[in-house]
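coords_20.cif (mmCIF, C-alpha atoms and all ligand atoms) appears below.
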data_data
#
loop_
_atom_site.label_atom_id
_atom_site.label_comp_id
_atom_site.auth_asym_id
_atom_site.auth_seq_id
_atom_site.Cartn_x
_atom_site.Cartn_y
_atom_site.Cartn_z
CA MET E 878 72.01 22.81 -40.99
CA GLN E 879 74.07 25.54 -42.68
CA LEU E 880 73.79 29.11 -41.39
CA SER E 881 75.56 32.30 -42.39
CA GLN E 882 75.89 35.75 -40.89
CA ALA E 883 72.41 37.27 -40.92
CA LYS E 884 71.09 40.40 -42.57
CA PRO E 885 68.55 42.27 -40.40
CA LEU E 886 65.80 39.97 -39.07
CA ARG E 887 62.41 41.57 -39.55
CA GLY E 888 58.84 40.44 -39.19
CA THR E 889 56.01 39.29 -36.94
CA ILE E 890 56.06 35.67 -35.80
CA THR E 891 54.23 33.25 -33.53
CA VAL E 892 56.32 30.71 -31.65
CA PRO E 893 54.91 27.36 -30.43
CA GLY E 894 52.92 26.85 -27.25
CA ASP E 895 54.49 26.84 -23.81
CA LYS E 896 56.05 23.46 -23.06
CA SER E 897 55.45 23.53 -19.30
CA ILE E 898 51.80 24.52 -19.70
CA SER E 899 51.19 22.02 -22.53
CA HIS E 900 52.43 19.11 -20.38
CA ARG E 901 50.27 20.19 -17.46
CA ALA E 902 47.18 20.74 -19.62
CA VAL E 903 47.30 17.09 -20.75
CA MET E 904 48.18 15.68 -17.32
CA PHE E 905 45.63 17.64 -15.31
CA GLY E 906 43.01 17.29 -18.06
CA ALA E 907 43.51 13.50 -17.85
CA LEU E 908 43.04 13.60 -14.06
CA ALA E 909 39.97 15.87 -14.20
CA GLN E 910 36.29 14.96 -14.51
CA GLY E 911 35.07 16.07 -17.94
CA THR E 912 36.57 17.05 -21.28
CA THR E 913 39.44 19.51 -21.76
CA HIS E 914 39.93 21.33 -25.08
CA ILE E 915 43.50 22.59 -25.33
CA THR E 916 44.39 25.20 -27.96
CA GLY E 917 47.92 26.38 -28.68
CA PHE E 918 49.32 23.01 -27.56
CA LEU E 919 53.03 22.45 -28.29
CA MET E 920 53.37 19.55 -30.75
CA GLY E 921 56.97 18.97 -29.70
CA GLU E 922 58.39 15.54 -28.91
CA ASP E 923 58.41 16.14 -25.14
CA CYS E 924 54.71 16.94 -24.97
CA LEU E 925 53.89 14.06 -27.31
CA SER E 926 55.65 11.79 -24.78
CA THR E 927 53.21 13.04 -22.13
CA ILE E 928 50.23 12.30 -24.40
CA ASP E 929 51.60 8.82 -25.09
CA CYS E 930 52.04 8.02 -21.38
CA PHE E 931 48.45 9.02 -20.53
CA ARG E 932 47.00 7.14 -23.52
CA ARG E 933 48.80 4.05 -22.20
CA MET E 934 46.96 4.56 -18.90
CA GLY E 935 43.55 4.50 -20.58
CA VAL E 936 43.01 8.20 -21.30
CA SER E 937 41.44 9.01 -24.66
CA ILE E 938 43.24 11.97 -26.24
CA GLU E 939 42.39 13.33 -29.71
CA VAL E 940 45.00 15.37 -31.53
CA SER E 941 44.16 17.60 -34.50
CA ASP E 942 45.78 20.70 -36.01
CA ALA E 943 43.31 22.92 -34.17
CA GLU E 944 43.33 21.41 -30.69
CA VAL E 945 44.04 18.56 -28.34
CA VAL E 946 40.99 17.08 -26.63
CA VAL E 947 41.54 15.15 -23.40
CA HIS E 948 38.73 13.00 -22.05
CA GLY E 949 39.42 13.08 -18.33
CA VAL E 950 39.10 9.93 -16.23
CA GLY E 951 39.18 11.56 -12.78
CA LEU E 952 41.88 11.38 -10.11
CA HIS E 953 41.31 7.64 -9.59
CA GLY E 954 40.46 6.60 -13.15
CA LEU E 955 43.87 5.80 -14.68
CA THR E 956 44.40 2.15 -15.60
CA PRO E 957 47.64 0.14 -15.45
CA PRO E 958 49.70 0.39 -18.66
CA ALA E 959 50.49 -2.87 -20.46
CA GLN E 960 54.17 -1.96 -20.62
CA SER E 961 56.46 0.46 -18.83
CA LEU E 962 55.93 4.13 -19.66
CA TYR E 963 58.50 5.84 -21.90
CA THR E 964 59.08 9.54 -21.27
CA GLY E 965 61.63 10.18 -24.05
CA ASN E 966 63.82 13.21 -23.35
CA SER E 967 61.29 14.87 -21.06
CA GLY E 968 62.25 15.67 -17.48
CA THR E 969 58.88 17.34 -16.89
CA THR E 970 56.97 14.22 -17.98
CA THR E 971 59.17 11.97 -15.86
CA ARG E 972 59.15 14.00 -12.65
CA LEU E 973 55.50 15.10 -12.67
CA LEU E 974 54.44 11.54 -13.49
CA CYS E 975 56.31 10.31 -10.40
CA GLY E 976 54.03 12.47 -8.24
CA ILE E 977 50.88 11.31 -10.02
CA LEU E 978 51.85 7.63 -10.11
CA ALA E 979 52.67 7.62 -6.39
CA GLY E 980 48.93 8.07 -5.82
CA GLN E 981 47.71 5.21 -8.07
CA ASN E 982 46.68 1.74 -7.00
CA PHE E 983 48.81 -0.11 -9.57
CA ASP E 984 52.51 -0.82 -10.07
CA VAL E 985 54.11 1.06 -12.94
CA SER E 986 57.63 1.43 -14.34
CA LEU E 987 58.89 4.42 -16.25
CA SER E 988 62.02 5.46 -18.04
CA GLY E 989 63.28 7.70 -20.81
CA ASP E 990 66.21 8.18 -23.16
CA ALA E 991 69.92 8.14 -22.27
CA SER E 992 69.74 11.74 -20.96
CA ILE E 993 66.77 10.97 -18.69
CA GLN E 994 68.56 7.94 -17.29
CA LYS E 995 71.40 10.22 -16.14
CA ARG E 996 69.24 12.98 -14.66
CA PRO E 997 68.72 13.13 -10.88
CA MET E 998 65.40 11.62 -9.77
CA GLY E 999 66.42 11.26 -6.10
CA ARG E 1000 65.21 14.81 -5.46
CA VAL E 1001 61.66 13.69 -6.40
CA ILE E 1002 61.80 10.20 -4.95
CA ALA E 1003 62.97 11.34 -1.48
CA PRO E 1004 59.89 13.46 -0.60
CA LEU E 1005 57.53 10.95 -2.24
CA ARG E 1006 59.05 8.21 -0.07
CA GLN E 1007 58.51 10.47 2.95
CA MET E 1008 54.86 10.64 1.93
CA GLY E 1009 54.73 6.83 1.98
CA ALA E 1010 55.33 5.95 -1.68
CA ILE E 1011 57.32 2.82 -2.47
CA ILE E 1012 59.66 3.54 -5.36
CA ASP E 1013 62.60 1.52 -6.71
CA GLY E 1014 65.21 2.97 -9.03
CA VAL E 1015 68.59 2.15 -10.51
CA ASN E 1016 71.09 2.74 -7.71
CA GLY E 1017 68.05 3.86 -5.74
CA ASN E 1018 67.51 7.12 -7.57
CA TYR E 1019 67.81 6.82 -11.35
CA CYS E 1020 65.49 5.74 -14.18
CA PRO E 1021 64.11 3.19 -14.89
CA LEU E 1022 61.92 3.66 -11.82
CA THR E 1023 59.16 1.40 -10.50
CA ILE E 1024 56.42 3.00 -8.45
CA HIS E 1025 54.44 0.51 -6.41
CA ALA E 1026 50.71 0.37 -5.77
CA GLY E 1027 48.51 0.72 -2.83
CA THR E 1028 50.07 2.94 -0.19
CA GLN E 1029 47.98 5.72 1.35
CA LEU E 1030 50.10 8.85 0.99
CA HIS E 1031 50.52 11.22 3.93
CA GLY E 1032 50.70 15.00 3.76
CA ILE E 1033 54.17 16.35 4.55
CA GLU E 1034 55.90 19.66 5.03
CA TYR E 1035 58.95 19.59 2.80
CA THR E 1036 61.80 22.07 2.44
CA MET E 1037 63.14 21.65 -1.07
CA PRO E 1038 66.93 21.59 -1.54
CA VAL E 1039 66.65 23.21 -5.03
CA ALA E 1040 64.24 25.67 -6.64
CA SER E 1041 62.62 23.31 -9.12
CA ALA E 1042 59.10 23.52 -10.52
CA GLN E 1043 59.29 19.88 -11.55
CA LEU E 1044 60.06 18.80 -7.99
CA LYS E 1045 57.48 21.18 -6.48
CA SER E 1046 54.85 19.96 -8.93
CA ALA E 1047 55.55 16.26 -8.25
CA ILE E 1048 55.04 16.80 -4.52
CA LEU E 1049 51.89 18.90 -5.01
CA LEU E 1050 50.40 16.30 -7.36
CA ALA E 1051 51.09 13.52 -4.85
CA GLY E 1052 49.49 15.84 -2.29
CA LEU E 1053 46.18 15.58 -4.17
CA TYR E 1054 46.15 11.91 -3.09
CA ALA E 1055 47.36 12.42 0.51
CA ASP E 1056 45.39 12.09 3.75
CA GLY E 1057 46.03 15.71 4.74
CA PRO E 1058 47.54 18.98 3.47
CA THR E 1059 51.01 19.00 1.90
CA CYS E 1060 53.30 21.99 2.12
CA VAL E 1061 56.45 22.70 0.06
CA ILE E 1062 58.98 25.42 0.80
CA GLU E 1063 61.29 26.47 -2.04
CA PRO E 1064 64.64 28.26 -1.71
CA ALA E 1065 63.39 30.71 -4.40
CA PRO E 1066 60.13 30.84 -6.36
CA SER E 1067 60.07 28.61 -9.46
CA ARG E 1068 57.44 28.67 -12.22
CA ASP E 1069 53.93 28.37 -10.79
CA HIS E 1070 51.95 26.93 -13.72
CA THR E 1071 50.95 23.89 -11.66
CA GLU E 1072 49.49 26.01 -8.87
CA ARG E 1073 47.58 28.27 -11.30
CA MET E 1074 46.14 25.43 -13.34
CA LEU E 1075 45.20 23.21 -10.39
CA ARG E 1076 43.45 26.19 -8.78
CA ALA E 1077 41.53 26.85 -12.00
CA LEU E 1078 40.40 23.19 -11.96
CA GLY E 1079 39.09 23.53 -8.41
CA ALA E 1080 41.99 22.47 -6.17
CA GLN E 1081 42.69 24.37 -2.98
CA VAL E 1082 46.26 25.63 -3.42
CA GLU E 1083 47.62 28.44 -1.23
CA SER E 1084 50.82 30.26 -2.19
CA ASN E 1085 52.72 32.64 0.04
CA GLY E 1086 56.19 33.67 -1.15
CA CYS E 1087 58.26 30.49 -1.34
CA THR E 1088 55.63 28.34 0.43
CA VAL E 1089 52.85 26.43 -1.33
CA ARG E 1090 50.21 24.33 0.42
CA ILE E 1091 47.81 21.94 -1.30
CA HIS E 1092 44.80 20.12 0.12
CA PRO E 1093 43.65 16.69 -1.05
CA LEU E 1094 40.37 16.72 -2.94
CA LYS E 1095 37.80 14.37 -4.41
CA ASP E 1096 38.13 15.47 -8.00
CA LEU E 1097 39.32 18.16 -10.38
CA GLN E 1098 36.80 19.70 -12.80
CA ALA E 1099 37.90 20.01 -16.45
CA LYS E 1100 38.35 23.48 -17.94
CA ASP E 1101 39.45 24.46 -21.45
CA ILE E 1102 43.00 25.73 -21.66
CA ALA E 1103 44.50 28.22 -24.12
CA VAL E 1104 48.27 27.69 -24.03
CA PRO E 1105 50.25 30.91 -24.60
CA ALA E 1106 53.38 30.94 -26.78
CA ASP E 1107 56.49 29.81 -24.92
CA ILE E 1108 58.73 32.63 -23.68
CA SER E 1109 61.55 30.07 -23.63
CA SER E 1110 61.15 29.66 -27.41
CA ALA E 1111 60.60 33.40 -27.93
CA ALA E 1112 63.94 33.88 -26.12
CA PHE E 1113 65.91 32.72 -29.18
CA PHE E 1114 64.34 35.45 -31.31
CA LEU E 1115 64.66 38.05 -28.57
CA VAL E 1116 68.42 37.47 -28.50
CA ALA E 1117 68.68 37.15 -32.30
CA GLY E 1118 66.77 40.42 -32.72
CA ALA E 1119 68.96 42.14 -30.15
CA ILE E 1120 72.33 41.10 -31.62
CA VAL E 1121 71.74 41.23 -35.40
CA PRO E 1122 72.03 44.92 -36.36
CA GLY E 1123 68.95 46.48 -37.94
CA SER E 1124 66.56 43.77 -36.68
CA GLU E 1125 63.00 44.30 -35.48
CA ILE E 1126 60.91 41.27 -34.53
CA THR E 1127 57.45 41.06 -32.97
CA ILE E 1128 56.50 37.80 -31.25
CA GLN E 1129 52.78 37.39 -30.65
CA ASN E 1130 50.85 36.06 -27.68
CA VAL E 1131 53.85 35.23 -25.46
CA GLY E 1132 53.30 34.00 -21.89
CA ILE E 1133 54.71 36.52 -19.42
CA ASN E 1134 54.07 34.78 -16.13
CA PRO E 1135 56.38 36.67 -13.70
CA THR E 1136 58.05 33.39 -12.71
CA ARG E 1137 59.27 33.10 -16.34
CA THR E 1138 60.23 36.66 -17.34
CA GLY E 1139 63.79 36.78 -16.00
CA ILE E 1140 64.98 36.87 -19.63
CA LEU E 1141 63.18 40.19 -20.19
CA ASP E 1142 64.65 41.71 -17.03
CA VAL E 1143 68.19 40.63 -17.93
CA LEU E 1144 68.05 41.63 -21.60
CA ARG E 1145 66.70 45.05 -20.63
CA ASP E 1146 69.45 45.36 -18.02
CA MET E 1147 71.96 44.59 -20.82
CA GLY E 1148 70.52 47.45 -22.90
CA ALA E 1149 67.99 45.60 -25.08
CA ASP E 1150 65.06 47.51 -26.55
CA ILE E 1151 61.96 45.41 -25.74
CA THR E 1152 58.37 46.65 -25.77
CA MET E 1153 55.25 44.87 -24.57
CA THR E 1154 51.88 45.51 -26.21
CA ASN E 1155 48.45 43.98 -26.02
CA VAL E 1156 48.92 42.73 -22.43
CA ARG E 1157 46.05 40.50 -21.28
CA ASP E 1158 45.37 37.71 -18.77
CA ASP E 1159 43.60 34.34 -19.01
CA MET E 1160 44.84 31.90 -16.32
CA GLU E 1161 48.31 33.11 -17.46
CA PRO E 1162 49.33 36.66 -18.47
CA VAL E 1163 50.29 37.13 -22.17
CA CYS E 1164 51.39 39.96 -24.50
CA ASP E 1165 53.11 40.69 -27.80
CA LEU E 1166 56.84 41.38 -27.49
CA THR E 1167 58.83 43.55 -29.90
CA ILE E 1168 62.62 43.55 -29.90
CA ARG E 1169 64.77 46.03 -31.81
CA ALA E 1170 68.53 45.56 -32.21
CA SER E 1171 70.68 47.63 -29.87
CA LYS E 1172 74.13 47.65 -28.29
CA LEU E 1173 74.29 45.24 -25.36
CA HIS E 1174 76.61 45.35 -22.36
CA GLY E 1175 77.61 42.72 -19.80
CA THR E 1176 75.74 42.01 -16.56
CA THR E 1177 75.58 39.66 -13.58
CA ILE E 1178 72.90 36.95 -13.44
CA GLY E 1179 72.42 35.02 -10.19
CA GLY E 1180 70.38 34.48 -7.02
CA ASP E 1181 66.58 34.37 -7.21
CA LEU E 1182 66.70 35.35 -10.89
CA ILE E 1183 68.05 31.92 -11.86
CA PRO E 1184 64.80 29.89 -11.59
CA ARG E 1185 63.02 32.69 -13.53
CA LEU E 1186 65.27 32.17 -16.57
CA ILE E 1187 66.81 28.73 -16.08
CA ASP E 1188 66.04 27.52 -19.63
CA GLU E 1189 67.13 30.82 -21.20
CA LEU E 1190 70.68 30.80 -19.80
CA PRO E 1191 72.22 29.13 -22.89
CA VAL E 1192 70.86 31.81 -25.22
CA LEU E 1193 71.68 34.54 -22.69
CA ALA E 1194 75.27 33.28 -22.83
CA VAL E 1195 75.12 33.99 -26.58
CA ALA E 1196 73.82 37.51 -25.87
CA ALA E 1197 76.72 37.95 -23.44
CA ALA E 1198 79.26 36.92 -26.08
CA PHE E 1199 77.99 39.74 -28.34
CA ALA E 1200 77.76 42.30 -25.48
CA GLU E 1201 80.53 44.69 -24.49
CA GLY E 1202 82.25 43.72 -21.24
CA GLU E 1203 81.95 40.87 -18.79
CA THR E 1204 78.86 38.79 -17.94
CA ARG E 1205 78.88 36.53 -14.91
CA ILE E 1206 76.32 33.76 -14.49
CA CYS E 1207 76.38 32.33 -10.96
CA ASP E 1208 74.14 30.14 -8.71
CA ALA E 1209 73.29 28.11 -11.81
CA GLN E 1210 74.53 24.62 -10.83
CA GLU E 1211 71.17 23.25 -12.01
CA LEU E 1212 72.31 23.86 -15.59
CA LYS E 1213 74.67 20.91 -15.24
CA VAL E 1214 71.76 18.46 -14.86
CA LYS E 1215 69.49 19.63 -17.68
CA GLU E 1216 69.13 17.76 -21.01
CA SER E 1217 72.92 18.17 -21.21
CA ASN E 1218 75.52 19.87 -19.01
CA ARG E 1219 74.61 23.27 -20.38
CA ILE E 1220 77.49 25.11 -18.71
CA ALA E 1221 80.15 22.87 -20.30
CA ALA E 1222 78.27 22.76 -23.61
CA MET E 1223 77.89 26.54 -24.00
CA VAL E 1224 81.44 27.33 -22.91
CA THR E 1225 82.83 24.76 -25.38
CA GLU E 1226 80.68 25.91 -28.29
CA LEU E 1227 81.12 29.65 -27.72
CA THR E 1228 84.87 29.11 -27.47
CA ARG E 1229 84.73 27.27 -30.81
CA ALA E 1230 83.39 30.52 -32.33
CA GLY E 1231 86.27 32.50 -30.80
CA ALA E 1232 84.47 33.82 -27.70
CA ASP E 1233 86.21 34.32 -24.35
CA ALA E 1234 84.10 32.02 -22.14
CA GLU E 1235 85.10 30.30 -18.91
CA GLU E 1236 83.35 27.62 -16.88
CA THR E 1237 82.98 28.23 -13.13
CA GLU E 1238 81.75 26.02 -10.29
CA ASP E 1239 78.19 27.39 -10.53
CA GLY E 1240 77.98 29.08 -13.92
CA MET E 1241 80.22 30.85 -16.42
CA ILE E 1242 82.07 34.07 -17.14
CA ILE E 1243 81.87 35.50 -20.63
CA ARG E 1244 84.02 38.43 -21.66
CA GLY E 1245 82.01 39.72 -24.59
CA GLY E 1246 82.68 41.89 -27.59
CA LYS E 1247 85.31 39.76 -29.40
CA PRO E 1248 84.42 39.25 -33.08
CA LEU E 1249 83.09 35.70 -33.49
CA HIS E 1250 83.59 33.46 -36.50
CA GLY E 1251 81.50 30.62 -37.91
CA ALA E 1252 82.21 27.00 -36.95
CA ALA E 1253 80.59 23.55 -36.83
CA PHE E 1254 78.64 23.55 -33.57
CA GLU E 1255 77.75 20.41 -31.61
CA THR E 1256 74.30 20.11 -30.00
CA TYR E 1257 74.85 17.50 -27.24
CA HIS E 1258 71.38 16.08 -28.11
CA ASP E 1259 70.03 19.21 -26.41
CA HIS E 1260 67.37 21.29 -28.19
CA ARG E 1261 68.25 24.51 -26.42
CA ILE E 1262 71.98 24.21 -27.19
CA ALA E 1263 71.12 23.67 -30.88
CA MET E 1264 68.88 26.77 -31.03
CA SER E 1265 71.27 28.91 -28.98
CA MET E 1266 74.17 28.11 -31.30
CA ALA E 1267 71.98 28.78 -34.35
CA VAL E 1268 71.35 32.27 -32.92
CA CYS E 1269 75.06 32.62 -32.29
CA ALA E 1270 75.80 31.64 -35.92
CA LEU E 1271 73.68 34.58 -37.14
CA GLY E 1272 76.13 36.96 -35.51
CA CYS E 1273 79.31 35.12 -36.54
CA THR E 1274 81.30 36.04 -39.66
CA GLY E 1275 81.25 33.42 -42.41
CA GLU E 1276 79.49 30.08 -42.48
CA SER E 1277 78.42 27.88 -39.55
CA GLU E 1278 76.96 24.43 -39.25
CA ILE E 1279 74.67 22.95 -36.60
CA VAL E 1280 75.46 19.25 -36.24
CA ASN E 1281 72.33 17.14 -35.49
CA PRO E 1282 69.87 20.04 -35.86
CA ASP E 1283 66.81 17.74 -35.67
CA VAL E 1284 67.00 17.79 -31.87
CA VAL E 1285 65.13 21.14 -31.95
CA ALA E 1286 61.95 19.04 -32.44
CA ILE E 1287 61.90 18.40 -28.68
CA SER E 1288 60.43 21.86 -28.10
CA TYR E 1289 60.35 23.72 -31.43
CA PRO E 1290 59.92 21.58 -34.57
CA ASN E 1291 59.73 24.57 -37.01
CA PHE E 1292 62.50 26.63 -35.46
CA PHE E 1293 64.70 26.83 -38.56
CA ASP E 1294 61.70 27.64 -40.83
CA THR E 1295 60.77 30.61 -38.63
CA LEU E 1296 64.37 31.77 -38.57
CA SER E 1297 64.50 31.62 -42.40
CA ALA E 1298 61.16 33.42 -42.70
CA LEU E 1299 62.63 36.33 -40.74
CA GLY E 1300 65.56 36.52 -43.16
CA GLY E 1301 68.02 34.47 -41.10
C1 LIG E 1401 60.01 22.85 -16.03
C2 LIG E 1401 60.78 23.29 -14.99
C3 LIG E 1401 62.23 23.60 -15.14
C4 LIG E 1401 62.64 23.76 -16.59
C5 LIG E 1401 62.04 22.71 -17.47
C6 LIG E 1401 60.53 22.71 -17.40
C7 LIG E 1401 58.58 22.55 -15.76
O1 LIG E 1401 62.98 22.54 -14.58
O2 LIG E 1401 64.05 23.74 -16.71
O3 LIG E 1401 62.43 22.93 -18.83
O4 LIG E 1401 57.81 22.40 -16.72
O5 LIG E 1401 58.22 22.45 -14.59
P1 LIG E 1401 63.25 22.48 -12.98
O6 LIG E 1401 61.95 22.63 -12.35
O7 LIG E 1401 63.85 21.14 -12.72
O8 LIG E 1401 64.22 23.58 -12.73
#
Represent the supplied structure as structure tokens.
Amino acid sequence: MQLSQAKPLRGTITVPGDKSISHRAVMFGALAQGTTHITGFLMGEDCLSTIDCFRRMGVSIEVSDAEVVVHGVGLHGLTPPAQSLYTGNSGTTTRLLCGILAGQNFDVSLSGDASIQKRPMGRVIAPLRQMGAIIDGVNGNYCPLTIHAGTQLHGIEYTMPVASAQLKSAILLAGLYADGPTCVIEPAPSRDHTERMLRALGAQVESNGCTVRIHPLKDLQAKDIAVPADISSAAFFLVAGAIVPGSEITIQNVGINPTRTGILDVLRDMGADITMTNVRDDMEPVCDLTIRASKLHGTTIGGDLIPRLIDELPVLAVAAAFAEGETRICDAQELKVKESNRIAAMVTELTRAGADAEETEDGMIIRGGKPLHGAAFETYHDHRIAMSMAVCALGCTGESEIVNPDVVAISYPNFFDTLSALGG
């Protein structure tokens, strides 16, 4: 994909549906009694992996341009798949499925692509084993995993070693099948889409700061779900609009769940001009976001903010490279175990463009404001690295190239079309 320095980006766009909410809508719809109509569903490869896994366990799911319809089978209605489940590149599918499968009365194996086979699953397997699940993995803790049938799960109280919504969700989902309440304590609040959606479907889920408690129940009741646009996809246009002089972009119907809006807080702190209009709430809060280009300055990003913007750190690193002064990202070790090592990837690629970027033990330091030049950027088979470097290319002098751009289809199949439509 060839990109050149952008003229002002202007227009009103809609970005695809939220990835986290799309996965959960299919999973929880499959486990509910009744039919779920999902609008705004993200037709990205990750969410299609989730649909495929549930179809293989006997759930009828209809996909059309307008909606996804899930015919729920109830908490105990899944059937054993003929073959092992394949989760592709999707950590959310893999980890949340572990929690669900721990409660089933059949053996099932699951695995994903090369990236999934390297990502840590021990963090999910350890609490599920404490609950009574019998799980085998490669070297104990890596995919392919086999989750065995027939153990009654027990409620536990579990202090999580990392703030991770995937881990929290896996434990809460297993908790639906336990013989008593299950309680998770996070080091910092992570996204709470699981709690909100399960509550809306009738589960008893109590949240108090970093503690969440779930009670087992007989069945979930289906409810239609309108998926808001993904703030993690909007993030690329927020940064593009901020750094390309003269830009003004409005992004419609974006999810602004407070556990996801760290990007807005940080960009505003860096001097970005962002306005919210049309704020409304339907299971999840949403609004339209408008960004106008402005001068950015460096900042520090760490602590409890990290889980609120974990997926936006690559593109925030791009914003930092175009900002005046130093930006420090710390407490972000989790970035090393995402679809790629996103700290190493971003430091390498920004440096390729002439930026002053340095890797640290738990993040990176970017000394911004140096003029950047076009280059051929690698994507590490990571959708967010590809889109972040495409945004970077818009601010670089001369021509750039994104090598293996198709990887954006994991979360945003039409990313480059939208960028072109804005004048990029
Ligand atoms: C997700 C949680 C986050 C995020 C991922 C999606 C989810 O991962 O990075 O893209 O849908 O729960 P962790 O929970 O592992 O931090």
Item to check | For ligand LIG 1401 (chain E), the nearest of the candidates E:Pro1135, E:Gly911, E:Pro1184, E:Gly935, counting only C-alpha atoms and all ligand atoms | outcome: E:Pro1184
Next on the checklist: Just want the residues within 6 Å of ligand LIG 1401 (chain E), written as a ChimeraX atom specification, counting all atoms listed in the file.
Outcome noted: /E:897,969,1041-1043,1187-1188
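You can rank E:Leu1173, E:Leu1271, E:Val1131, E:Ile1183 by their closest distance to Met1153 (chain E) using only C-alpha atoms, and at the top of that list sits E:Val1131.
In terms of minimum interatomic distance to Lys1172 (chain E), E:Ile1120 ranks closest within E:Ile1151, E:Leu1193, E:Ile1279, E:Ile1120, counting all atoms listed in the file.
Of the listed residues (E:Ala1051, E:Leu919, E:Leu1075, E:Ala1196), E:Ala1196 comes nearest to Ala1112 (chain E); the distances count all atoms listed in the file.
Of the residues listed (E:Ala1194, E:Ile1108, E:Ile1243, E:Ala1040), E:Ile1108 shows the shortest atom-to-atom separation from Ile898 (chain E); distances use only C-alpha atoms.
Using all atoms listed in the file, the residues found no farther than 7 Å from Glu1201 (chain E), other than those of its own chain fewer than 4 positions away, are Leu1173, His1174, Gly1175, Gly1245 and Gly1246 of chain E.
Taking CA of Val1192 (chain E) and CA of Pro1162 (chain E) as endpoints, the distance between them is 23.1 Å.
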Generate the missing atoms of region 1130-1142 of chain E up to N, CA, C and O atoms and report them as an mmCIF file, in the coordinates of the input.
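As a result, rebuild_7.cif now contains:
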data_model
loop_
_atom_site.group_PDB
_atom_site.id
_atom_site.type_symbol
_atom_site.label_atom_id
_atom_site.label_comp_id
_atom_site.auth_asym_id
_atom_site.auth_seq_id
_atom_site.Cartn_x
_atom_site.Cartn_y
_atom_site.Cartn_z
ATOM 1 N N ASN E 1130 51.552 36.924 -28.633
ATOM 2 C CA ASN E 1130 50.850 36.060 -27.680
ATOM 3 C C ASN E 1130 51.791 35.251 -26.770
ATOM 4 O O ASN E 1130 51.588 34.075 -26.519
ATOM 5 N N VAL E 1131 52.830 35.922 -26.269
ATOM 6 C CA VAL E 1131 53.850 35.230 -25.460
ATOM 7 C C VAL E 1131 53.431 35.224 -23.986
ATOM 8 O O VAL E 1131 53.011 36.260 -23.446
ATOM 9 N N GLY E 1132 53.573 34.100 -23.324
ATOM 10 C CA GLY E 1132 53.300 34.000 -21.890
ATOM 11 C C GLY E 1132 54.315 34.822 -21.106
ATOM 12 O O GLY E 1132 55.516 34.699 -21.321
ATOM 13 N N ILE E 1133 53.805 35.685 -20.222
ATOM 14 C CA ILE E 1133 54.710 36.520 -19.420
ATOM 15 C C ILE E 1133 54.425 36.347 -17.942
ATOM 16 O O ILE E 1133 54.426 37.308 -17.165
ATOM 17 N N ASN E 1134 54.172 35.101 -17.552
ATOM 18 C CA ASN E 1134 54.070 34.780 -16.130
ATOM 19 C C ASN E 1134 55.339 35.302 -15.441
ATOM 20 O O ASN E 1134 56.454 35.022 -15.901
ATOM 21 N N PRO E 1135 55.197 36.065 -14.339
ATOM 22 C CA PRO E 1135 56.380 36.670 -13.700
ATOM 23 C C PRO E 1135 57.440 35.655 -13.270
ATOM 24 O O PRO E 1135 58.605 36.017 -13.134
ATOM 25 N N THR E 1136 57.048 34.393 -13.079
ATOM 26 C CA THR E 1136 58.050 33.390 -12.710
ATOM 27 C C THR E 1136 58.875 32.939 -13.922
ATOM 28 O O THR E 1136 59.762 32.101 -13.791
ATOM 29 N N ARG E 1137 58.573 33.504 -15.104
ATOM 30 C CA ARG E 1137 59.270 33.100 -16.340
ATOM 31 C C ARG E 1137 59.964 34.266 -17.052
ATOM 32 O O ARG E 1137 60.593 34.045 -18.091
ATOM 33 N N THR E 1138 59.803 35.493 -16.545
ATOM 34 C CA THR E 1138 60.230 36.660 -17.340
ATOM 35 C C THR E 1138 61.613 37.184 -16.968
ATOM 36 O O THR E 1138 61.961 38.316 -17.320
ATOM 37 N N GLY E 1139 62.413 36.363 -16.316
ATOM 38 C CA GLY E 1139 63.790 36.780 -16.000
ATOM 39 C C GLY E 1139 64.555 37.200 -17.241
ATOM 40 O O GLY E 1139 65.346 38.147 -17.215
ATOM 41 N N ILE E 1140 64.298 36.534 -18.367
ATOM 42 C CA ILE E 1140 64.980 36.870 -19.630
ATOM 43 C C ILE E 1140 64.720 38.324 -20.027
ATOM 44 O O ILE E 1140 65.626 39.012 -20.509
ATOM 45 N N LEU E 1141 63.489 38.801 -19.811
ATOM 46 C CA LEU E 1141 63.180 40.190 -20.190
ATOM 47 C C LEU E 1141 63.931 41.150 -19.280
ATOM 48 O O LEU E 1141 64.503 42.151 -19.729
ATOM 49 N N ASP E 1142 63.948 40.839 -17.981
ATOM 50 C CA ASP E 1142 64.650 41.710 -17.030
ATOM 51 C C ASP E 1142 66.135 41.790 -17.373
ATOM 52 O O ASP E 1142 66.737 42.868 -17.376
#
